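Asker: To be precise about what I am sending: the file is called structure38.cif and holds mmCIF, C-alpha atoms.
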```cif
data_target
#
loop_
_atom_site.group_PDB
_atom_site.id
_atom_site.type_symbol
_atom_site.label_atom_id
_atom_site.label_comp_id
_atom_site.auth_asym_id
_atom_site.auth_seq_id
_atom_site.Cartn_x
_atom_site.Cartn_y
_atom_site.Cartn_z
ATOM 1 C CA VAL A 184 0.000 0.000 0.000
ATOM 2 C CA HIS A 185 1.374 3.372 -0.972
ATOM 3 C CA LEU A 186 1.761 5.749 1.974
ATOM 4 C CA SER A 187 -0.911 8.067 0.572
ATOM 5 C CA GLY A 188 -3.407 5.176 0.600
ATOM 6 C CA TRP A 189 -2.793 4.173 4.219
ATOM 7 C CA ASN A 190 -4.528 5.399 7.388
ATOM 8 C CA SER A 191 -1.925 5.108 10.138
ATOM 9 C CA ARG A 192 -4.506 5.757 12.868
ATOM 10 C CA THR A 193 -6.790 2.851 11.907
ATOM 11 C CA GLN A 194 -4.008 0.734 10.367
ATOM 12 C CA LEU A 195 -6.150 0.143 7.278
ATOM 13 C CA ALA A 196 -6.052 0.986 3.604
ATOM 14 C CA LEU A 197 -7.955 4.146 2.677
ATOM 15 C CA GLY A 198 -10.910 4.198 0.319
ATOM 16 C CA ASN A 199 -13.676 1.951 -0.887
ATOM 17 C CA SER A 200 -11.998 0.516 -3.961
ATOM 18 C CA MET A 201 -12.026 -3.240 -4.444
ATOM 19 C CA VAL A 202 -8.268 -3.319 -3.788
ATOM 20 C CA ALA A 203 -8.588 -1.376 -0.521
ATOM 21 C CA GLN A 204 -11.483 -3.566 0.609
ATOM 22 C CA GLU A 205 -9.527 -6.751 -0.153
ATOM 23 C CA ILE A 206 -6.457 -5.474 1.723
ATOM 24 C CA ASN A 207 -8.557 -4.533 4.736
ATOM 25 C CA ARG A 208 -10.378 -7.878 4.656
ATOM 26 C CA GLU A 209 -7.065 -9.757 4.579
ATOM 27 C CA LEU A 210 -5.724 -7.631 7.444
ATOM 28 C CA GLY A 211 -8.831 -8.566 9.432
ATOM 29 C CA VAL A 212 -8.237 -12.268 8.771
ATOM 30 C CA ILE A 213 -4.611 -11.954 9.884
ATOM 31 C CA LYS A 214 -5.603 -10.105 13.062
ATOM 32 C CA ASN A 215 -8.210 -12.766 13.897
ATOM 33 C CA LYS A 216 -5.680 -15.575 13.428
ATOM 34 C CA ILE A 217 -3.176 -13.832 15.685
ATOM 35 C CA TYR A 218 -5.826 -13.184 18.358
ATOM 36 C CA SER A 219 -6.791 -16.871 18.167
ATOM 37 C CA ILE A 220 -3.155 -17.905 18.637
ATOM 38 C CA GLN A 221 -2.891 -15.515 21.585
ATOM 39 C CA GLN A 222 -6.007 -17.028 23.185
ATOM 40 C CA THR A 223 -4.537 -20.513 22.737
ATOM 41 C CA PHE A 224 -1.423 -19.461 24.652
ATOM 42 C CA GLN A 225 -3.557 -17.875 27.361
ATOM 43 C CA ARG A 226 -5.834 -20.917 27.752
ATOM 44 C CA ALA A 227 -2.755 -23.131 28.101
ATOM 45 C CA GLU A 228 -1.409 -20.621 30.644
ATOM 46 C CA LYS A 229 1.850 -20.437 28.696
ATOM 47 C CA GLU A 230 4.094 -17.429 28.683
ATOM 48 C CA TYR A 231 4.533 -15.974 25.211
ATOM 49 C CA ASP A 232 5.809 -12.936 23.383
ATOM 50 C CA ALA A 233 5.385 -11.404 19.950
ATOM 51 C CA ILE A 234 8.003 -13.746 18.477
ATOM 52 C CA ASP A 235 6.062 -16.792 19.718
ATOM 53 C CA LEU A 236 2.892 -15.423 18.107
ATOM 54 C CA ARG A 237 4.751 -14.766 14.857
ATOM 55 C CA ASP A 238 6.322 -18.233 14.797
ATOM 56 C CA VAL A 239 3.001 -19.997 15.328
ATOM 57 C CA TYR A 240 1.327 -17.778 12.717
ATOM 58 C CA LEU A 241 4.064 -18.543 10.182
ATOM 59 C CA GLY A 242 4.090 -22.238 11.037
ATOM 60 C CA LYS A 243 7.642 -22.156 12.382
ATOM 61 C CA ASP A 244 6.593 -23.852 15.623
ATOM 62 C CA LYS A 245 6.017 -27.164 13.816
ATOM 63 C CA THR A 246 9.716 -27.977 14.107
ATOM 64 C CA GLN A 247 9.368 -28.452 17.848
ATOM 65 C CA LYS A 248 10.775 -31.684 19.157
ATOM 66 C CA MET A 249 8.020 -33.813 20.597
ATOM 67 C CA LEU A 250 8.551 -35.859 23.757
ATOM 68 C CA LEU A 251 7.112 -39.206 22.672
ATOM 69 C CA GLU A 252 8.671 -38.875 19.228
ATOM 70 C CA ILE A 253 12.110 -38.469 20.822
ATOM 71 C CA PHE A 254 11.422 -41.392 23.136
ATOM 72 C CA GLN A 255 10.473 -43.573 20.135
ATOM 73 C CA GLU A 256 13.685 -42.593 18.320
ATOM 74 C CA HIS A 257 15.625 -43.634 21.420
ATOM 75 C CA ASN A 258 13.785 -46.951 21.632
ATOM 76 C CA ASP A 259 14.454 -47.624 17.947
ATOM 77 C CA LYS A 260 18.178 -47.103 18.535
ATOM 78 C CA VAL A 261 18.101 -49.380 21.575
ATOM 79 C CA ASP A 262 16.304 -52.069 19.547
ATOM 80 C CA ASN A 263 19.066 -51.915 16.939
ATOM 81 C CA LEU A 264 21.682 -52.456 19.646
ATOM 82 C CA ILE A 265 20.104 -55.505 21.318
ATOM 83 C CA GLY A 266 22.814 -58.083 21.783
ATOM 84 C CA LYS A 267 25.573 -55.499 21.406
ATOM 85 C CA ASP A 268 25.102 -52.751 23.988
ATOM 86 C CA PHE A 269 21.641 -53.596 25.335
ATOM 87 C CA ALA A 270 19.838 -56.702 26.526
ATOM 88 C CA ALA A 271 16.384 -57.584 25.178
ATOM 89 C CA GLY A 272 14.917 -57.053 28.661
ATOM 90 C CA THR A 273 16.266 -53.499 28.793
ATOM 91 C CA ALA A 274 14.649 -52.695 25.449
ATOM 92 C CA GLU A 275 11.363 -54.129 26.692
ATOM 93 C CA ARG A 276 11.508 -51.947 29.831
ATOM 94 C CA TYR A 277 12.079 -48.848 27.660
ATOM 95 C CA ARG A 278 9.027 -49.783 25.557
ATOM 96 C CA THR A 279 6.967 -50.259 28.728
ATOM 97 C CA CYS A 280 8.144 -46.907 30.053
ATOM 98 C CA LYS A 281 7.166 -45.181 26.786
ATOM 99 C CA ASN A 282 3.731 -46.833 26.940
ATOM 100 C CA HIS A 283 3.183 -45.487 30.466
ATOM 101 C CA LEU A 284 4.351 -42.045 29.369
ATOM 102 C CA THR A 285 2.002 -42.146 26.360
ATOM 103 C CA ASP A 286 -0.935 -43.040 28.607
ATOM 104 C CA PHE A 287 -0.045 -40.220 31.013
ATOM 105 C CA VAL A 288 0.146 -37.616 28.226
ATOM 106 C CA LYS A 289 -3.211 -38.751 26.823
ATOM 107 C CA LYS A 290 -4.892 -38.733 30.214
ATOM 108 C CA LYS A 291 -3.400 -35.532 31.608
ATOM 109 C CA TYR A 292 -3.058 -33.370 28.473
ATOM 110 C CA LYS A 293 -5.624 -35.036 26.189
ATOM 111 C CA LYS A 294 -3.010 -35.035 23.405
ATOM 112 C CA ASN A 295 -1.038 -37.669 21.542
ATOM 113 C CA ASP A 296 2.285 -35.930 22.250
ATOM 114 C CA ILE A 297 3.648 -32.738 23.797
ATOM 115 C CA PRO A 298 6.633 -30.522 22.967
ATOM 116 C CA VAL A 299 9.705 -31.574 24.914
ATOM 117 C CA GLN A 300 10.103 -27.969 26.050
ATOM 118 C CA ASP A 301 6.891 -28.401 28.062
ATOM 119 C CA VAL A 302 8.539 -31.013 30.272
ATOM 120 C CA ASP A 303 8.992 -29.142 33.515
ATOM 121 C CA HIS A 304 8.848 -29.848 37.233
ATOM 122 C CA LYS A 305 5.039 -29.882 37.188
ATOM 123 C CA PHE A 306 5.067 -32.473 34.380
ATOM 124 C CA ILE A 307 7.603 -34.674 36.154
ATOM 125 C CA THR A 308 5.786 -34.621 39.491
ATOM 126 C CA GLY A 309 2.489 -35.296 37.708
ATOM 127 C CA LEU A 310 4.034 -38.295 35.992
ATOM 128 C CA GLU A 311 5.485 -39.491 39.272
ATOM 129 C CA TYR A 312 2.039 -39.446 40.924
ATOM 130 C CA TYR A 313 0.478 -41.068 37.846
ATOM 131 C CA LEU A 314 2.941 -43.943 38.014
#
```
Mind turning this structure into structure tokens?
Answerer:
Amino acid sequence: VHLSGWNSRTQLALGNSMVAQEINRELGVIKNKIYSIQQTFQRAEKEYDAIDLRDVYLGKDKTQKMLLEIFQEHNDKVDNLIGKDFAAGTAERYRTCKNHLTDFVKKKYKKNDIPVQDVDHKFITGLEYYL
């Protein structure tokens, strides 16, 4: 938008042309998405800043490492080392542990997985009581 076609007070394009209306409509959609992301953070009682909002809006948060995904990668590596560095019983105990962790995440968070960065003292003590 050229500076002469912009209202800095309202943060919208000036005029009633089709182009101005489309720009303003798209700005409204963007604002609504960002407010929705903000509400999601607030409902989850997570601290956030403008960068967090931007990253979620742009889809950059999808690269987060997920707890159960990491655990499965570990278990796959252990399975490949049975008979070399690990016993079959050890691998079985890791699988059992992951199953308990999966059940806890589903029961407590009603999700299939959580970001590893969400593992904090509250999570650990909750898991301890669950077990």
Asker: Under the rule that only C-alpha atoms are counted, which of A:Asn295, A:Ser191, A:Thr308, A:Gln225 is the nearest residue to Leu251 in chain A?
Answerer: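 Counting only C-alpha atoms, the residue closest to Leu251 in chain A is A:Asn295.
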Asker: Neighbouring residues of range 279-286 of chain A were defined as those with any atom within 8 Å, considering all atoms listed in the file; residues of the same chain fewer than 5 positions away were excluded. Please report them as a list in words.
Answerer: Leu251, Phe254, Gln255, Asn295, Asp296, Leu310 and Leu314 of chain A
Asker: Kindly give the distance, in Å, that separates CA of Ile297 in chain A and CA of Glu228 in chain A, rounded to a single decimal.
Answerer: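 Interatomic distance here is 14.8 Å.
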Asker: How many Å lie between CA of Leu210 in chain A and CA of Asp232 in chain A, rounded to one decimal?
Answerer: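 According to the coordinates, CA of Leu210 in chain A and CA of Asp232 in chain A are separated by 20.4 Å.
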Asker: Name all residues at most 6 Å from Val299 in chain A (count only C-alpha atoms; drop same-chain ones fewer than 5 positions away) and give them as a compact mmCIF listing (two decimals) with C-alpha atoms, in the frame of the given file.
Answerer:
```txt
# COMPACT_ATOMS: atom_id res chain seq x y z
CA LYS A 248 10.78 -31.68 19.16
CA MET A 249 8.02 -33.81 20.60
CA LEU A 250 8.55 -35.86 23.76
```
Asker: Quick one: distance from CA of Pro298 in chain A to CA of Gln247 in chain A in Å, one decimal?
Answerer: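 One can read the CA of Pro298 in chain A to CA of Gln247 in chain A distance as 6.2 Å.
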Asker: I'd like to know which of A:Asp268, A:Glu230, A:Glu275, A:Asp238 is closest to Asp301 in chain A, using all atoms listed in the file.
Answerer: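 So, comparing all the options, the nearest one is A:Glu230.
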Asker: Could you put an axis-aligned box around every listed atom of range 293-306 of chain A, padded by 3 Å on each side, and send me its centre and edge lengths in Å to one decimal, as lines of an AutoDock Vina configuration file?
Answerer:
```
center_x = 2.2
center_y = -32.8
center_z = 29.4
size_x = 21.7
size_y = 15.7
size_z = 21.7
```
Asker: Go through A:Ala271, A:Gly188, A:Phe224, A:Tyr277 and flag the residue nearest Asn258 in chain A, using all atoms listed in the file for the distances.
Answerer: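 So, comparing all the options, the nearest one is A:Tyr277.
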Asker: To verify the selection step, state as a VMD selection string which residues the PyMOL selection byres ((chain A and resi 221) around 10) yields on this input.
Answerer: chain A and resid 215 to 220 222 to 226 229 231 to 233 235 to 236 239
Asker: For Gly309 in chain A, which of A:Ile253, A:Ala227, A:Val288, A:Leu186 is the closest residue, counting all atoms listed in the file?
Answerer: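 Once distances to Gly309 in chain A are computed over all atoms listed in the file, the minimum belongs to A:Val288.
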Asker: Which residue out of A:Asn263, A:Phe287, A:Tyr240, A:His185 has the minimum interatomic distance to Val212 in chain A when only C-alpha atoms are used?
Answerer: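 With only C-alpha atoms as the atom set, the closest residue is A:Tyr240.
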Asker: Restricting the calculation to all atoms listed in the file, which member of A:Lys267, A:Tyr313, A:Glu209, A:Val202 is positioned closest to Lys290 in chain A?
Answerer: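 For Lys290 in chain A, the nearest of the candidates is A:Tyr313.
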Asker: I need range 252-268 of chain A from the structure I supplied, saved as a CSV table (one decimal), in the first residue's frame with all heavy atoms retained.
Answerer:
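Final output, saved to part03.csv:
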```csv
chain,number,residue,atom,x,y,z
A,252,GLU,N,7.9,-38.6,20.5
A,252,GLU,CA,8.7,-38.9,19.2
A,252,GLU,C,10.2,-39.1,19.5
A,252,GLU,O,10.8,-40.0,19.0
A,252,GLU,CB,8.5,-37.7,18.3
A,252,GLU,CG,9.2,-37.8,17.0
A,252,GLU,CD,8.9,-36.5,16.2
A,252,GLU,OE1,7.9,-35.9,16.3
A,252,GLU,OE2,9.9,-36.1,15.4
A,253,ILE,N,10.7,-38.3,20.4
A,253,ILE,CA,12.1,-38.5,20.8
A,253,ILE,C,12.3,-39.8,21.5
A,253,ILE,O,13.3,-40.5,21.3
A,253,ILE,CB,12.6,-37.3,21.7
A,253,ILE,CG1,12.6,-36.0,20.9
A,253,ILE,CG2,13.9,-37.6,22.4
A,253,ILE,CD1,12.8,-34.8,21.8
A,254,PHE,N,11.3,-40.1,22.4
A,254,PHE,CA,11.4,-41.4,23.1
A,254,PHE,C,11.4,-42.6,22.2
A,254,PHE,O,12.2,-43.5,22.3
A,254,PHE,CB,10.3,-41.5,24.1
A,254,PHE,CG,10.5,-42.4,25.3
A,254,PHE,CD1,10.1,-41.9,26.6
A,254,PHE,CD2,11.1,-43.6,25.2
A,254,PHE,CE1,10.4,-42.7,27.7
A,254,PHE,CE2,11.4,-44.4,26.3
A,254,PHE,CZ,11.0,-44.0,27.6
A,255,GLN,N,10.5,-42.5,21.1
A,255,GLN,CA,10.5,-43.6,20.1
A,255,GLN,C,11.8,-43.7,19.4
A,255,GLN,O,12.3,-44.8,19.1
A,255,GLN,CB,9.3,-43.4,19.2
A,255,GLN,CG,9.1,-44.5,18.2
A,255,GLN,CD,8.9,-45.8,18.9
A,255,GLN,OE1,8.0,-45.9,19.8
A,255,GLN,NE2,9.6,-46.9,18.6
A,256,GLU,N,12.4,-42.6,19.0
A,256,GLU,CA,13.7,-42.6,18.3
A,256,GLU,C,14.7,-43.3,19.2
A,256,GLU,O,15.5,-44.1,18.7
A,256,GLU,CB,14.1,-41.2,18.0
A,256,GLU,CG,13.3,-40.5,16.9
A,256,GLU,CD,13.7,-39.0,16.7
A,256,GLU,OE1,14.6,-38.5,17.4
A,256,GLU,OE2,12.9,-38.4,16.0
A,257,HIS,N,14.7,-43.0,20.5
A,257,HIS,CA,15.6,-43.6,21.4
A,257,HIS,C,15.4,-45.1,21.4
A,257,HIS,O,16.3,-45.9,21.4
A,257,HIS,CB,15.4,-43.0,22.8
A,257,HIS,CG,16.1,-43.8,23.9
A,257,HIS,ND1,15.5,-44.8,24.6
A,257,HIS,CD2,17.4,-43.7,24.4
A,257,HIS,CE1,16.4,-45.3,25.5
A,257,HIS,NE2,17.5,-44.7,25.3
A,258,ASN,N,14.1,-45.5,21.6
A,258,ASN,CA,13.8,-47.0,21.6
A,258,ASN,C,14.2,-47.7,20.4
A,258,ASN,O,14.6,-48.8,20.4
A,258,ASN,CB,12.3,-47.2,21.9
A,258,ASN,CG,12.0,-46.8,23.4
A,258,ASN,OD1,12.8,-46.5,24.2
A,258,ASN,ND2,10.7,-46.9,23.7
A,259,ASP,N,14.0,-47.0,19.2
A,259,ASP,CA,14.5,-47.6,17.9
A,259,ASP,C,16.0,-47.9,17.9
A,259,ASP,O,16.4,-48.9,17.5
A,259,ASP,CB,14.1,-46.7,16.8
A,259,ASP,CG,12.6,-46.7,16.6
A,259,ASP,OD1,11.8,-47.5,17.1
A,259,ASP,OD2,12.1,-45.7,15.9
A,260,LYS,N,16.7,-46.9,18.5
A,260,LYS,CA,18.2,-47.1,18.5
A,260,LYS,C,18.5,-48.2,19.5
A,260,LYS,O,19.4,-49.0,19.2
A,260,LYS,CB,18.9,-45.8,19.0
A,260,LYS,CG,18.8,-44.7,17.9
A,260,LYS,CD,19.4,-43.4,18.5
A,260,LYS,CE,19.2,-42.3,17.4
A,260,LYS,NZ,19.7,-41.0,17.9
A,261,VAL,N,17.8,-48.3,20.6
A,261,VAL,CA,18.1,-49.4,21.6
A,261,VAL,C,17.8,-50.7,20.9
A,261,VAL,O,18.6,-51.7,21.1
A,261,VAL,CB,17.3,-49.2,22.9
A,261,VAL,CG1,17.3,-50.4,23.8
A,261,VAL,CG2,17.8,-48.0,23.6
A,262,ASP,N,16.7,-50.8,20.2
A,262,ASP,CA,16.3,-52.1,19.5
A,262,ASP,C,17.4,-52.5,18.6
A,262,ASP,O,17.7,-53.7,18.5
A,262,ASP,CB,15.0,-51.9,18.8
A,262,ASP,CG,13.8,-51.9,19.7
A,262,ASP,OD1,13.9,-52.3,20.9
A,262,ASP,OD2,12.7,-51.4,19.3
A,263,ASN,N,18.0,-51.6,17.9
A,263,ASN,CA,19.1,-51.9,16.9
A,263,ASN,C,20.3,-52.4,17.6
A,263,ASN,O,21.2,-53.0,17.0
A,263,ASN,CB,19.4,-50.7,16.0
A,263,ASN,CG,18.3,-50.5,15.0
A,263,ASN,OD1,17.5,-51.4,14.6
A,263,ASN,ND2,18.1,-49.2,14.7
A,264,LEU,N,20.5,-52.1,18.9
A,264,LEU,CA,21.7,-52.5,19.6
A,264,LEU,C,21.5,-53.6,20.6
A,264,LEU,O,22.3,-53.9,21.4
A,264,LEU,CB,22.2,-51.2,20.4
A,264,LEU,CG,22.7,-50.1,19.6
A,264,LEU,CD1,23.0,-48.8,20.4
A,264,LEU,CD2,23.9,-50.5,18.7
A,265,ILE,N,20.3,-54.3,20.5
A,265,ILE,CA,20.1,-55.5,21.3
A,265,ILE,C,21.2,-56.6,21.0
A,265,ILE,O,21.4,-56.8,19.8
A,265,ILE,CB,18.7,-56.1,21.1
A,265,ILE,CG1,17.7,-55.1,21.7
A,265,ILE,CG2,18.5,-57.4,21.8
A,265,ILE,CD1,16.2,-55.5,21.5
A,266,GLY,N,21.8,-57.1,22.0
A,266,GLY,CA,22.8,-58.1,21.8
A,266,GLY,C,24.2,-57.5,21.7
A,266,GLY,O,25.2,-58.2,21.7
A,267,LYS,N,24.3,-56.2,21.5
A,267,LYS,CA,25.6,-55.5,21.4
A,267,LYS,C,25.8,-54.7,22.7
A,267,LYS,O,26.7,-55.0,23.5
A,267,LYS,CB,25.6,-54.6,20.2
A,267,LYS,CG,25.5,-55.3,18.9
A,267,LYS,CD,25.4,-54.4,17.7
A,267,LYS,CE,25.1,-55.2,16.4
A,267,LYS,NZ,24.6,-54.3,15.4
A,268,ASP,N,25.0,-53.6,22.8
A,268,ASP,CA,25.1,-52.8,24.0
A,268,ASP,C,23.9,-52.9,25.0
A,268,ASP,O,24.0,-52.4,26.1
A,268,ASP,CB,25.2,-51.3,23.5
A,268,ASP,CG,26.5,-51.0,22.8
A,268,ASP,OD1,27.5,-51.7,23.1
A,268,ASP,OD2,26.6,-50.0,22.0
```
